[in-house]
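The next block holds one structure in the form of structure tokens; read it before the comments.
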Amino acid sequence: MWAENDLHPGVPCLESYSVPTDGKVYRMYHGTSRQAVEQIMKTGFKQSAGGMLGRGVYLSRDLEKASRYPLILPENQRVVIRVRVNVGRVKKIDKQGHPMQKTWHDHGYDTAWCPPKCGMVPSGLEEDCVWDPRRIEIIDIICPRTTSGPFYDC
């Protein structure tokens, strides 16, 4: 179980079903392992070599989505990094085989956005891919907690 109160000032809490607005800053989440989080906190995010939307940093405005990653690890070995993202110019990618699915950045876009329930993501949850890691500012880390206890020690 994950907890999130979204009370940090200065970043709007955009529902994951809302269309992101070009040039705005939004709160997003990145799920990773406890092992990888230390390196990310030291050196920042690195662009992935590929993925469903091509190169970039994969994030979500849906905490539930981010908290599932990495999929192969048990929940107590996962953490979520809460970030602020300046999305720049956003391209909506809403179907498999979209003509710009992996080339959106070549067309001048900074972020690719997969809306929830569009058929792109098996979970049906919202996903974003940000081309330039410098658009991402780390806020803090969210750790899982038991239903009856406090947060795990991150």
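The chains in the structure tokens are called A, B, ... from first to last as shown; in each chain the residues are counted from 1, and the ligands are counted from 1 in the order shown.
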Can you pull out every residue within 10 Å of segment 104-117 of chain A, counting only C-alpha atoms, but drop anything in the same chain fewer than 4 positions away, and send it as a VMD selection string?
chain A and resid 16 to 20 22 to 23 53 to 60 62 85 to 95 98 to 100 121 to 132 135
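Residues in contact with Pro74 of chain A at 12 Å, where only C-alpha atoms are counted and same-chain residues fewer than 4 positions away are skipped, are listed as Met1, Thr32, Ser33, Arg34, Ser67, Arg68, Tyr69, Pro70, Arg78, Val79 and Pro144 of chain A.
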Nearest to Ile139 of chain A, chosen from A:Val83, A:Met28, A:Val37, A:Met52, with only C-alpha atoms counted in the distances
A:Val83
As a PDB file with C-alpha atoms, in the first residue's frame, please: all residues of segment 26-98 of chain A that backbone DSSP puts in alpha helix (DSSP H).
ATOM      1  CA  ARG A  34      15.622   0.703  -3.557  1.00  0.00           C
ATOM      2  CA  GLN A  35      18.999  -0.099  -5.087  1.00  0.00           C
ATOM      3  CA  ALA A  36      18.628   2.246  -8.091  1.00  0.00           C
ATOM      4  CA  VAL A  37      17.170   5.169  -6.149  1.00  0.00           C
ATOM      5  CA  GLU A  38      20.535   6.043  -4.569  1.00  0.00           C
ATOM      6  CA  GLN A  39      22.177   6.541  -7.974  1.00  0.00           C
ATOM      7  CA  ILE A  40      19.230   8.560  -9.303  1.00  0.00           C
ATOM      8  CA  MET A  41      19.318  10.822  -6.231  1.00  0.00           C
ATOM      9  CA  LYS A  42      23.073  11.418  -6.739  1.00  0.00           C
ATOM     10  CA  THR A  43      23.242  11.939 -10.496  1.00  0.00           C
ATOM     11  CA  LEU A  63       0.992   7.055  -8.168  1.00  0.00           C
ATOM     12  CA  GLU A  64      -0.654   3.638  -8.524  1.00  0.00           C
ATOM     13  CA  LYS A  65       1.040   3.156 -11.900  1.00  0.00           C
ATOM     14  CA  ALA A  66       4.498   4.183 -10.675  1.00  0.00           C
TER      15      ALA A  66
END
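If you look at atom CA of Arg134 of chain A and atom CA of Phe45 of chain A, they are 8.1 Å away from each other.
With distances restricted to only C-alpha atoms, A:Gly50 is the closest residue to Gln101 of chain A from A:Gly50, A:Pro133, A:Ile141, A:Ile72.
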Give me, please, the distance in Å between atom CA of Arg61 of chain A and atom CA of Tyr26 of chain A, quoted to one decimal.
8.0 Å
